[in-house]
$ cat entry.txt   # compact mmCIF, C-alpha atoms and all ligand atoms
# COMPACT_ATOMS: atom_id res chain seq x y z
CA MET F 1 19.84 13.78 22.90
CA LEU F 2 17.76 13.82 19.73
CA LEU F 3 16.38 10.38 20.56
CA ALA F 4 15.46 11.50 24.08
CA ALA F 5 13.58 14.51 22.62
CA TRP F 6 11.67 12.25 20.22
CA LEU F 7 10.75 9.84 23.01
CA LEU F 8 9.56 12.70 25.21
CA TRP F 9 7.40 14.02 22.35
CA PHE F 10 6.07 10.51 21.72
CA TYR F 11 4.73 10.22 25.25
CA LEU F 12 3.66 13.84 25.76
CA ARG F 13 1.85 14.47 22.50
CA ARG F 14 -1.34 12.82 23.67
CA PHE F 15 -1.73 15.82 25.95
CA PHE F 16 -1.43 18.12 22.92
CA TYR F 17 -3.79 16.13 20.77
CA GLY F 18 -5.98 15.24 23.73
CA ARG F 19 -5.99 11.56 22.80
CA PRO F 20 -3.67 8.70 22.07
CA TYR F 21 -1.87 9.12 18.82
CA ARG F 22 -2.28 6.60 16.06
CA PRO F 23 -1.74 7.22 12.34
CA VAL F 24 -3.08 4.70 9.84
CA LEU F 25 -0.38 2.09 9.23
CA VAL F 26 0.09 1.19 5.56
CA LEU F 27 2.70 -1.45 4.76
CA ALA F 28 4.17 -1.60 1.25
CA TYR F 29 5.39 -4.95 -0.02
CA HIS F 30 6.30 -6.00 -3.55
CA ARG F 31 7.06 -9.70 -3.53
CA VAL F 32 6.80 -12.67 -1.15
CA LEU F 33 8.91 -15.71 -2.09
CA PRO F 34 10.14 -18.87 -0.32
CA ARG F 35 13.54 -17.15 -0.20
CA ALA F 36 14.14 -13.43 -0.56
CA ARG F 37 16.26 -13.47 -3.71
CA SER F 38 15.97 -9.76 -4.51
CA THR F 39 15.70 -6.56 -2.49
CA LEU F 40 12.02 -6.25 -3.29
CA ALA F 41 11.17 -9.74 -2.06
CA VAL F 42 10.36 -10.74 1.52
CA ALA F 43 10.86 -14.37 2.55
CA GLN F 44 7.54 -16.11 3.21
CA LYS F 45 8.49 -17.09 6.77
CA ASP F 46 9.43 -13.46 7.56
CA PHE F 47 6.14 -12.26 6.09
CA ALA F 48 4.22 -14.77 8.25
CA ARG F 49 6.09 -13.59 11.35
CA GLN F 50 5.33 -9.94 10.55
CA ILE F 51 1.61 -10.63 10.08
CA ALA F 52 1.49 -12.66 13.31
CA TYR F 53 3.10 -9.72 15.13
CA LEU F 54 0.51 -7.27 13.75
CA ARG F 55 -2.28 -9.61 14.87
CA ARG F 56 -0.81 -9.83 18.36
CA ARG F 57 -0.70 -6.03 18.45
CA ARG F 58 -4.44 -6.06 17.65
CA TYR F 59 -4.32 -4.20 14.36
CA VAL F 60 -7.56 -4.19 12.40
CA PHE F 61 -6.83 -5.07 8.77
CA MET F 62 -8.74 -3.42 5.93
CA ASN F 63 -8.36 -3.32 2.18
CA ALA F 64 -7.86 0.12 0.62
CA GLU F 65 -11.27 0.35 -1.08
CA ASP F 66 -13.14 -0.48 2.14
CA PHE F 67 -11.01 2.05 4.04
CA TYR F 68 -11.80 4.68 1.40
CA GLN F 69 -15.55 4.01 1.46
CA LYS F 70 -15.85 3.82 5.25
CA HIS F 71 -13.42 6.42 6.52
CA ILE F 72 -13.17 8.92 3.67
CA VAL F 73 -16.51 8.83 1.82
CA SER F 74 -18.66 8.08 4.89
CA ALA F 75 -16.19 9.87 7.22
CA ALA F 76 -16.53 7.23 9.94
CA PRO F 77 -14.14 8.01 12.80
CA ILE F 78 -11.01 5.88 12.93
CA LEU F 79 -11.49 4.09 16.23
CA ASN F 80 -8.99 1.26 15.89
CA LYS F 81 -5.37 0.67 15.05
CA ILE F 82 -5.84 0.21 11.32
CA CYS F 83 -3.36 -1.60 9.09
CA LEU F 84 -3.52 -1.73 5.30
CA ILE F 85 -1.29 -4.37 3.73
CA THR F 86 -0.39 -3.40 0.17
CA PHE F 87 1.54 -5.04 -2.66
CA ASP F 88 2.91 -3.17 -5.67
CA ASP F 89 3.20 -4.15 -9.34
CA GLY F 90 1.08 -7.33 -9.46
CA TYR F 91 3.50 -10.27 -9.20
CA ARG F 92 2.20 -13.83 -9.32
CA ASP F 93 4.04 -14.75 -6.13
CA ASN F 94 1.57 -12.61 -4.19
CA LEU F 95 -1.13 -15.18 -4.94
CA LYS F 96 1.09 -18.19 -4.34
CA TYR F 97 2.96 -17.16 -1.18
CA ALA F 98 1.26 -14.13 0.43
CA LEU F 99 -2.38 -15.19 0.11
CA PRO F 100 -1.89 -18.51 1.98
CA ILE F 101 -0.53 -16.56 4.97
CA LEU F 102 -3.40 -14.06 4.99
CA ARG F 103 -6.38 -16.19 3.99
CA PRO F 104 -6.65 -18.47 7.08
CA ASP F 105 -7.33 -15.39 9.21
CA ASN F 106 -9.41 -13.60 6.58
CA ILE F 107 -6.92 -10.75 6.42
CA PRO F 108 -7.69 -8.52 3.44
CA ALA F 109 -4.98 -6.79 1.41
CA THR F 110 -4.58 -4.50 -1.57
CA ILE F 111 -2.63 -5.13 -4.74
CA PHE F 112 -1.70 -2.33 -7.14
CA VAL F 113 -1.51 -3.67 -10.66
CA THR F 114 0.19 -2.33 -13.78
CA VAL F 115 -2.84 -2.72 -16.00
CA ASN F 116 -1.14 -3.17 -19.40
CA LYS F 117 1.02 -5.96 -17.96
CA ILE F 118 -1.82 -8.10 -16.56
CA GLY F 119 -1.55 -11.61 -17.98
CA SER F 120 1.64 -10.81 -19.91
CA PRO F 121 4.02 -13.74 -20.57
CA GLU F 122 6.92 -11.26 -20.28
CA PRO F 123 8.45 -10.23 -16.92
CA TYR F 124 8.45 -6.57 -15.88
CA TYR F 125 11.08 -4.55 -17.76
CA TRP F 126 13.04 -3.58 -14.62
CA ASP F 127 13.64 -7.24 -13.72
CA PHE F 128 15.78 -7.75 -16.83
CA LYS F 129 18.49 -5.63 -15.18
CA ASN F 130 19.26 -8.24 -12.52
CA GLN F 131 17.90 -11.48 -13.90
CA THR F 132 18.22 -13.59 -17.01
CA LYS F 133 16.19 -16.66 -15.98
CA PHE F 134 12.59 -16.29 -14.94
CA SER F 135 10.04 -18.57 -13.30
CA LYS F 136 6.24 -18.28 -13.31
CA ASP F 137 6.43 -16.49 -9.95
CA ASP F 138 8.26 -13.63 -11.65
CA LEU F 139 5.45 -12.93 -14.11
CA PRO F 140 2.48 -10.57 -13.77
CA LEU F 141 -0.80 -11.99 -12.45
CA THR F 142 -3.54 -12.85 -14.92
CA TRP F 143 -7.16 -11.59 -14.87
CA PRO F 144 -8.56 -14.85 -13.38
CA GLU F 145 -5.84 -14.85 -10.72
CA LEU F 146 -6.70 -11.27 -9.78
CA ARG F 147 -10.35 -12.28 -9.54
CA CYS F 148 -9.30 -15.00 -7.11
CA LEU F 149 -7.56 -12.37 -4.95
CA GLN F 150 -10.63 -10.15 -5.09
CA LYS F 151 -12.81 -13.07 -3.90
CA SER F 152 -10.44 -13.38 -0.93
CA GLY F 153 -11.19 -9.79 0.07
CA TRP F 154 -8.39 -8.00 -1.74
CA THR F 155 -8.74 -4.61 -3.43
CA ILE F 156 -7.34 -4.58 -6.97
CA GLY F 157 -6.00 -1.02 -7.16
CA SER F 158 -4.40 1.03 -9.89
CA HIS F 159 -0.65 1.21 -10.45
CA THR F 160 -1.38 3.02 -13.75
CA LEU F 161 -1.29 1.53 -17.24
CA ASN F 162 2.45 1.25 -17.89
CA HIS F 163 4.35 1.99 -14.66
CA TYR F 164 5.86 5.24 -15.95
CA GLU F 165 7.09 7.82 -13.46
CA LEU F 166 4.13 10.15 -13.75
CA ASN F 167 5.87 13.40 -12.82
CA ARG F 168 8.05 13.07 -15.94
CA LEU F 169 5.05 12.92 -18.30
CA SER F 170 2.92 15.63 -19.90
CA ASP F 171 -0.52 16.38 -18.45
CA GLN F 172 -2.15 14.55 -21.34
CA GLU F 173 -0.02 11.43 -20.86
CA ILE F 174 -0.67 11.43 -17.10
CA LYS F 175 -4.42 11.67 -17.72
CA GLN F 176 -4.26 8.64 -19.99
CA GLU F 177 -2.24 6.60 -17.51
CA LEU F 178 -4.65 7.44 -14.70
CA ARG F 179 -8.02 7.41 -16.44
CA PHE F 180 -7.69 4.31 -18.59
CA ALA F 181 -6.26 2.26 -15.74
CA ARG F 182 -9.19 3.28 -13.50
CA LYS F 183 -11.74 2.67 -16.26
CA ILE F 184 -10.45 -0.83 -17.06
CA LEU F 185 -10.21 -1.86 -13.39
CA THR F 186 -13.69 -0.52 -12.67
CA GLU F 187 -15.12 -2.51 -15.58
CA LYS F 188 -13.39 -5.70 -14.42
CA PHE F 189 -13.67 -5.46 -10.65
CA GLY F 190 -16.36 -2.91 -9.82
CA GLN F 191 -15.42 0.17 -7.85
CA ASN F 192 -11.87 1.43 -8.15
CA ASN F 193 -10.89 4.60 -6.33
CA VAL F 194 -7.41 3.78 -5.07
CA ILE F 195 -4.04 4.31 -6.68
CA CYS F 196 -0.37 3.80 -5.92
CA TYR F 197 1.91 5.98 -8.06
CA PRO F 198 4.78 4.06 -9.73
CA ARG F 199 8.03 4.70 -7.84
CA GLY F 200 6.10 7.02 -5.55
CA ALA F 201 6.48 9.78 -8.13
CA ALA F 202 3.60 12.11 -7.26
CA ASP F 203 3.98 15.87 -7.11
CA ALA F 204 1.18 18.44 -6.74
CA ARG F 205 0.42 18.27 -10.50
CA VAL F 206 0.06 14.47 -10.43
CA LEU F 207 -2.16 14.61 -7.32
CA GLY F 208 -4.42 17.17 -9.00
CA LEU F 209 -4.76 15.00 -12.10
CA ALA F 210 -5.39 11.89 -9.96
CA ARG F 211 -8.21 13.72 -8.20
CA ALA F 212 -9.64 14.83 -11.56
CA ALA F 213 -9.50 11.21 -12.78
CA GLY F 214 -11.75 10.21 -9.87
CA TYR F 215 -9.30 8.65 -7.43
CA GLY F 216 -10.00 9.29 -3.77
CA LEU F 217 -7.14 7.55 -1.98
CA GLY F 218 -3.51 7.46 -3.13
CA PHE F 219 -0.32 5.97 -1.73
CA VAL F 220 3.26 7.16 -1.80
CA THR F 221 6.36 6.13 0.11
CA ASN F 222 7.16 9.45 1.73
CA SER F 223 4.79 12.35 1.77
CA CYS F 224 4.64 15.87 3.08
CA ALA F 225 1.32 16.56 1.35
CA ASP F 226 -1.65 16.69 3.70
CA ASP F 227 -3.87 14.83 1.30
CA TRP F 228 -5.64 11.46 1.23
CA LEU F 229 -4.20 11.11 -2.27
CA ALA F 230 -0.70 11.00 -0.78
CA LEU F 231 -0.92 8.68 2.19
CA PRO F 232 2.58 7.56 3.25
CA ARG F 233 3.48 3.88 3.50
CA VAL F 234 6.15 1.90 5.28
CA GLY F 235 8.17 -0.10 2.73
CA ILE F 236 9.18 -3.60 3.85
CA TYR F 237 12.09 -5.19 1.98
CA ALA F 238 14.36 -8.25 2.03
CA HIS F 239 16.85 -6.64 4.42
CA ASP F 240 14.19 -5.85 7.04
CA ASN F 241 14.77 -8.41 9.77
CA PHE F 242 12.21 -8.61 12.57
CA TRP F 243 14.00 -5.99 14.66
CA ARG F 244 14.07 -3.51 11.76
CA PHE F 245 10.43 -4.27 10.96
CA ARG F 246 9.36 -3.32 14.48
CA LEU F 247 11.60 -0.23 14.42
CA LYS F 248 9.97 0.93 11.19
CA LEU F 249 6.50 0.55 12.75
CA PHE F 250 7.63 2.48 15.80
CA LEU F 251 9.06 5.31 13.68
CA ARG F 252 5.82 5.50 11.71
CA ARG F 253 3.96 6.07 14.97
CA LEU F 254 6.27 9.01 15.66
CA ALA F 255 5.24 10.75 12.43
CA PRO F 256 3.12 13.86 12.94
CA LEU F 257 -0.61 13.36 12.35
CA LYS F 258 -1.95 15.07 9.27
CA LYS F 259 -4.89 17.43 9.56
CA LYS F 260 -6.90 15.03 7.42
CA GLU F 261 -6.28 12.21 9.89
CA LEU F 262 -7.23 14.38 12.87
CA ALA F 263 -10.37 15.52 11.06
CA HIS F 264 -11.36 11.88 10.69
CA GLY F 265 -10.73 11.12 14.35
CA ALA F 266 -7.50 9.17 13.83
CA GLY F 267 -6.09 8.21 17.17
CA VAL F 268 -9.34 7.99 19.08
CA ILE F 269 -9.42 4.62 20.76
CA GLY F 270 -12.68 3.03 21.74
ZN ZN F 301 5.75 -0.33 -8.91
$ encode --input "entry.txt" --output "C-alpha cells"
Amino acid sequence: MLLAAWLLWFYLRRFFYGRPYRPVLVLAYHRVLPRARSTLAVAQKDFARQIAYLRRRRYVFMNAEDFYQKHIVSAAPILNKICLITFDDGYRDNLKYALPILRPDNIPATIFVTVNKIGSPEPYYWDFKNQTKFSKDDLPLTWPELRCLQKSGWTIGSHTLNHYELNRLSDQEIKQELRFARKILTEKFGQNNVICYPRGAADARVLGLARAAGYGLGFVTNSCADDWLALPRVGIYAHDNFWRFRLKLFLRRLAPLKKKELAHGAGVIG
C-alpha cells in the first residue's frame, strides 16, 4: 500500500512541480579495491559496473568545485541529470583503483581529505579496530598523489583537519578544524569551497560555522536541512550489489526536492 502511494507520487509529482523531477545525485564512496575486504570498500569490478550504468543513464558528471561555481555562485539552472562522485577520507586506493575506471572517459570526481593525515605513513586510527596488517593501499594519499588526481579533474575537498565529529567540539575547536583545513587546501590546490563533515556530523551550529569559514557547498549522508551546506549523498558500500545500487538511486529520486534545488531550476530538462 505504502509502496503504491510512493509510486503514484513519483509519477504525479511532475504535475505539482510542473516539470520532471530530478535532484542532484551525489554518490559517497570511501574505498575501491580489487576485492571488497571491508564494509567501506567497493570491489573495482562493481565500481566499474556502477559507473558504466550511470553513463548509460546519461548522467553528466561534475566535480564538487565546478558544481559550486557554476550552479551555486553563478546560479546556472540545472538542466541535466547531474552526478557527483565523491570519496571520503583520502585513501591511496582511490588513485590506484578508482582513477583508472574514471580517467578513460574523463569523468571527474571529488575526494575529501583529512588534511593532517595527508602523506602520513600511519593508517587512519579507525582502521586499527579491524586490521593488524596494512598495505600501501590502506594509507592516506600524499601531496603529489593528490596533485595527480587534481590534474585528472578531481576536486580536492575538505574533510577537516583531524576527522573529529564536529558536533562534539567547542565552537573554537570547530573553527580551527574548518578554517585551517580550507586555508591549507586553498594554498595547495587553489580554490576550496567544498566540505564533507566527518561521519556526517553536522548540526545547525556546525553548518553556521562552516558558512562563516567560507565554505559554500557541504555534504552529509542524510539531511533535513534545506541548505547547500548539507546536500545529502547516497552511500555505496561493499554489500551494495548491482540491484541494491539501482534501488538506492531510485529511492534518491523519490526524495522531496529542496527549495534551494527548485530555486536553481533542478529538474528542468533541456
Ligand atoms: Zn570520513
$ residues_near_ligand --input "entry.txt" --ligand "ligand ZN 301 (chain F)" --cutoff "6 Å" --atoms "all atoms listed in the file" --output "ChimeraX atom specification"
/F:88-89,198-199
$ residues_around --input "entry.txt" --residues "Leu33 of chain F" --least-positions-apart "2" --cutoff "9 Å" --atoms "only C-alpha atoms" --output "VMD selection string"
chain F and resid 31 35 to 37 41 to 45 93 to 94 96 to 98 137
$ residues_around --input "entry.txt" --residues "segment 230-241 of chain F" --least-positions-apart "5" --cutoff "10 Å" --atoms "all atoms listed in the file" --output "MDAnalysis selection string"
chainID F and resid 24:32 35:43 46:47 50 84:87 195:197 200 202:204 207 216:225 246:249 251:252 258
$ residues_around --input "entry.txt" --residues "Ala109 of chain F" --least-positions-apart "6" --cutoff "10 Å" --atoms "only C-alpha atoms" --output "compact mmCIF listing (two decimals) with C-alpha atoms, in the frame of the given file"
# COMPACT_ATOMS: atom_id res chain seq x y z
CA LEU F 27 2.70 -1.45 4.76
CA PHE F 61 -6.83 -5.07 8.77
CA MET F 62 -8.74 -3.42 5.93
CA ASN F 63 -8.36 -3.32 2.18
CA ALA F 64 -7.86 0.12 0.62
CA GLU F 65 -11.27 0.35 -1.08
CA CYS F 83 -3.36 -1.60 9.09
CA LEU F 84 -3.52 -1.73 5.30
CA ILE F 85 -1.29 -4.37 3.73
CA THR F 86 -0.39 -3.40 0.17
CA PHE F 87 1.54 -5.04 -2.66
CA ALA F 98 1.26 -14.13 0.43
CA LEU F 99 -2.38 -15.19 0.11
CA LEU F 102 -3.40 -14.06 4.99
CA ARG F 103 -6.38 -16.19 3.99
CA LEU F 149 -7.56 -12.37 -4.95
CA GLN F 150 -10.63 -10.15 -5.09
CA SER F 152 -10.44 -13.38 -0.93
CA GLY F 153 -11.19 -9.79 0.07
CA TRP F 154 -8.39 -8.00 -1.74
CA THR F 155 -8.74 -4.61 -3.43
CA ILE F 156 -7.34 -4.58 -6.97
$ atom_distance --input "entry.txt" --atom1 "atom CA of Leu185 of chain F" --atom2 "atom CA of Gly157 of chain F"
7.6 Å
$ atom_distance --input "entry.txt" --atom1 "atom CA of Glu122 of chain F" --atom2 "atom CA of Ala181 of chain F"
19.4 Å
$ atom_distance --input "entry.txt" --atom1 "atom CA of Val60 of chain F" --atom2 "atom CA of Pro104 of chain F"
15.3 Å
$ residues_around --input "entry.txt" --residues "segment 160-163 of chain F" --least-positions-apart "2" --cutoff "7 Å" --atoms "all atoms listed in the file" --output "PDB file with C-alpha atoms, keeping the file's coordinate frame"
ATOM      1  CA  THR F 114       0.190  -2.330 -13.780  1.00  0.00           C
ATOM      2  CA  VAL F 115      -2.840  -2.720 -16.000  1.00  0.00           C
ATOM      3  CA  ASN F 116      -1.140  -3.170 -19.400  1.00  0.00           C
ATOM      4  CA  SER F 158      -4.400   1.030  -9.890  1.00  0.00           C
ATOM      5  CA  GLU F 165       7.090   7.820 -13.460  1.00  0.00           C
ATOM      6  CA  GLU F 177      -2.240   6.600 -17.510  1.00  0.00           C
ATOM      7  CA  LEU F 178      -4.650   7.440 -14.700  1.00  0.00           C
ATOM      8  CA  ALA F 181      -6.260   2.260 -15.740  1.00  0.00           C
ATOM      9  CA  PRO F 198       4.780   4.060  -9.730  1.00  0.00           C
TER      10      PRO F 198
END
$ residues_near_point --input "entry.txt" --point "(-0.8, -3.9, 16.9)" --cutoff "10 Å" --atoms "all atoms listed in the file" --output "VMD selection string"
chain F and resid 25 51 to 60 80 to 83 249
$ closest_residue --input "entry.txt" --among "F:Phe112, F:Phe245, F:Tyr124, F:Tyr68" --to "Trp228 of chain F" --atoms "all atoms listed in the file"
F:Tyr68
$ axis_aligned_box --input "entry.txt" --around "segment 169-187 of chain F" --padding-each-side "6 Å" --output "lines of an AutoDock Vina configuration file"
center_x = -5.0
center_y = 6.9
center_z = -17.0
size_x = 32.2
size_y = 30.9
size_z = 20.7
$ decode --input "entry.txt" --residues "segment 152-238 of chain F" --atoms "C-alpha atoms" --output "PDB file, in the first residue's frame"
ATOM      1  CA  SER F 152      42.717  14.426 -13.754  1.00  0.00           C
ATOM      2  CA  GLY F 153      39.853  16.809 -12.977  1.00  0.00           C
ATOM      3  CA  TRP F 154      39.208  15.915  -9.358  1.00  0.00           C
ATOM      4  CA  THR F 155      38.278  18.409  -6.648  1.00  0.00           C
ATOM      5  CA  ILE F 156      40.375  18.035  -3.500  1.00  0.00           C
ATOM      6  CA  GLY F 157      37.816  18.954  -0.836  1.00  0.00           C
ATOM      7  CA  SER F 158      37.977  19.352   2.911  1.00  0.00           C
ATOM      8  CA  HIS F 159      37.248  16.543   5.351  1.00  0.00           C
ATOM      9  CA  THR F 160      38.581  18.818   8.133  1.00  0.00           C
ATOM     10  CA  LEU F 161      41.999  18.645   9.784  1.00  0.00           C
ATOM     11  CA  ASN F 162      41.643  15.601  12.040  1.00  0.00           C
ATOM     12  CA  HIS F 163      38.374  13.805  11.237  1.00  0.00           C
ATOM     13  CA  TYR F 164      36.749  14.647  14.577  1.00  0.00           C
ATOM     14  CA  GLU F 165      32.972  14.561  14.857  1.00  0.00           C
ATOM     15  CA  LEU F 166      32.435  18.298  14.705  1.00  0.00           C
ATOM     16  CA  ASN F 167      29.183  18.486  16.654  1.00  0.00           C
ATOM     17  CA  ARG F 168      31.024  17.192  19.750  1.00  0.00           C
ATOM     18  CA  LEU F 169      33.581  20.019  19.691  1.00  0.00           C
ATOM     19  CA  SER F 170      33.500  23.574  21.051  1.00  0.00           C
ATOM     20  CA  ASP F 171      32.904  26.467  18.650  1.00  0.00           C
ATOM     21  CA  GLN F 172      36.582  27.372  18.807  1.00  0.00           C
ATOM     22  CA  GLU F 173      37.720  23.828  18.001  1.00  0.00           C
ATOM     23  CA  ILE F 174      35.244  23.571  15.107  1.00  0.00           C
ATOM     24  CA  LYS F 175      36.514  26.864  13.682  1.00  0.00           C
ATOM     25  CA  GLN F 176      40.070  25.540  13.746  1.00  0.00           C
ATOM     26  CA  GLU F 177      39.120  22.262  12.069  1.00  0.00           C
ATOM     27  CA  LEU F 178      37.226  24.092   9.332  1.00  0.00           C
ATOM     28  CA  ARG F 179      39.377  27.161   8.732  1.00  0.00           C
ATOM     29  CA  PHE F 180      42.839  25.632   8.765  1.00  0.00           C
ATOM     30  CA  ALA F 181      41.791  22.752   6.523  1.00  0.00           C
ATOM     31  CA  ARG F 182      40.325  25.213   3.997  1.00  0.00           C
ATOM     32  CA  LYS F 183      43.351  27.514   4.207  1.00  0.00           C
ATOM     33  CA  ILE F 184      45.872  24.707   3.630  1.00  0.00           C
ATOM     34  CA  LEU F 185      43.892  23.179   0.740  1.00  0.00           C
ATOM     35  CA  THR F 186      43.424  26.582  -0.885  1.00  0.00           C
ATOM     36  CA  GLU F 187      47.175  27.241  -0.688  1.00  0.00           C
ATOM     37  CA  LYS F 188      47.989  23.851  -2.208  1.00  0.00           C
ATOM     38  CA  PHE F 189      45.238  23.427  -4.786  1.00  0.00           C
ATOM     39  CA  GLY F 190      43.702  26.833  -5.453  1.00  0.00           C
ATOM     40  CA  GLN F 191      40.037  27.362  -4.704  1.00  0.00           C
ATOM     41  CA  ASN F 192      38.476  25.252  -1.990  1.00  0.00           C
ATOM     42  CA  ASN F 193      34.849  25.826  -1.077  1.00  0.00           C
ATOM     43  CA  VAL F 194      33.565  22.307  -0.520  1.00  0.00           C
ATOM     44  CA  ILE F 195      33.455  20.204   2.613  1.00  0.00           C
ATOM     45  CA  CYS F 196      32.278  16.807   3.765  1.00  0.00           C
ATOM     46  CA  TYR F 197      31.745  16.604   7.533  1.00  0.00           C
ATOM     47  CA  PRO F 198      33.425  13.577   9.185  1.00  0.00           C
ATOM     48  CA  ARG F 199      30.804  10.911   9.938  1.00  0.00           C
ATOM     49  CA  GLY F 200      28.173  13.273   8.570  1.00  0.00           C
ATOM     50  CA  ALA F 201      28.084  15.024  11.943  1.00  0.00           C
ATOM     51  CA  ALA F 202      26.715  18.455  11.036  1.00  0.00           C
ATOM     52  CA  ASP F 203      24.038  20.189  13.071  1.00  0.00           C
ATOM     53  CA  ALA F 204      22.839  23.793  12.671  1.00  0.00           C
ATOM     54  CA  ARG F 205      25.801  25.097  14.733  1.00  0.00           C
ATOM     55  CA  VAL F 206      28.341  23.277  12.533  1.00  0.00           C
ATOM     56  CA  LEU F 207      26.648  24.496   9.334  1.00  0.00           C
ATOM     57  CA  GLY F 208      26.749  28.088  10.607  1.00  0.00           C
ATOM     58  CA  LEU F 209      30.456  27.813  11.411  1.00  0.00           C
ATOM     59  CA  ALA F 210      31.159  26.158   8.034  1.00  0.00           C
ATOM     60  CA  ARG F 211      29.467  29.079   6.294  1.00  0.00           C
ATOM     61  CA  ALA F 212      31.489  31.551   8.396  1.00  0.00           C
ATOM     62  CA  ALA F 213      34.689  29.687   7.429  1.00  0.00           C
ATOM     63  CA  GLY F 214      33.890  30.351   3.767  1.00  0.00           C
ATOM     64  CA  TYR F 215      32.543  27.003   2.590  1.00  0.00           C
ATOM     65  CA  GLY F 216      29.720  27.163   0.077  1.00  0.00           C
ATOM     66  CA  LEU F 217      28.840  23.524  -0.536  1.00  0.00           C
ATOM     67  CA  GLY F 218      28.745  20.781   2.107  1.00  0.00           C
ATOM     68  CA  PHE F 219      27.886  17.094   2.072  1.00  0.00           C
ATOM     69  CA  VAL F 220      26.198  14.871   4.612  1.00  0.00           C
ATOM     70  CA  THR F 221      24.695  11.395   4.415  1.00  0.00           C
ATOM     71  CA  ASN F 222      21.158  12.248   5.446  1.00  0.00           C
ATOM     72  CA  SER F 223      19.863  15.750   5.667  1.00  0.00           C
ATOM     73  CA  CYS F 224      16.668  17.547   6.520  1.00  0.00           C
ATOM     74  CA  ALA F 225      18.322  20.966   6.297  1.00  0.00           C
ATOM     75  CA  ASP F 226      17.366  22.952   3.210  1.00  0.00           C
ATOM     76  CA  ASP F 227      20.877  24.212   2.710  1.00  0.00           C
ATOM     77  CA  TRP F 228      23.615  23.800   0.096  1.00  0.00           C
ATOM     78  CA  LEU F 229      25.930  23.171   3.045  1.00  0.00           C
ATOM     79  CA  ALA F 230      24.018  19.969   3.819  1.00  0.00           C
ATOM     80  CA  LEU F 231      23.498  18.251   0.491  1.00  0.00           C
ATOM     81  CA  PRO F 232      22.553  14.588   1.040  1.00  0.00           C
ATOM     82  CA  ARG F 233      24.550  11.781  -0.548  1.00  0.00           C
ATOM     83  CA  VAL F 234      23.881   8.159  -1.373  1.00  0.00           C
ATOM     84  CA  GLY F 235      26.458   5.961   0.384  1.00  0.00           C
ATOM     85  CA  ILE F 236      27.692   2.977  -1.641  1.00  0.00           C
ATOM     86  CA  TYR F 237      29.283   0.139   0.329  1.00  0.00           C
ATOM     87  CA  ALA F 238      30.652  -3.392  -0.084  1.00  0.00           C
TER      88      ALA F 238
END
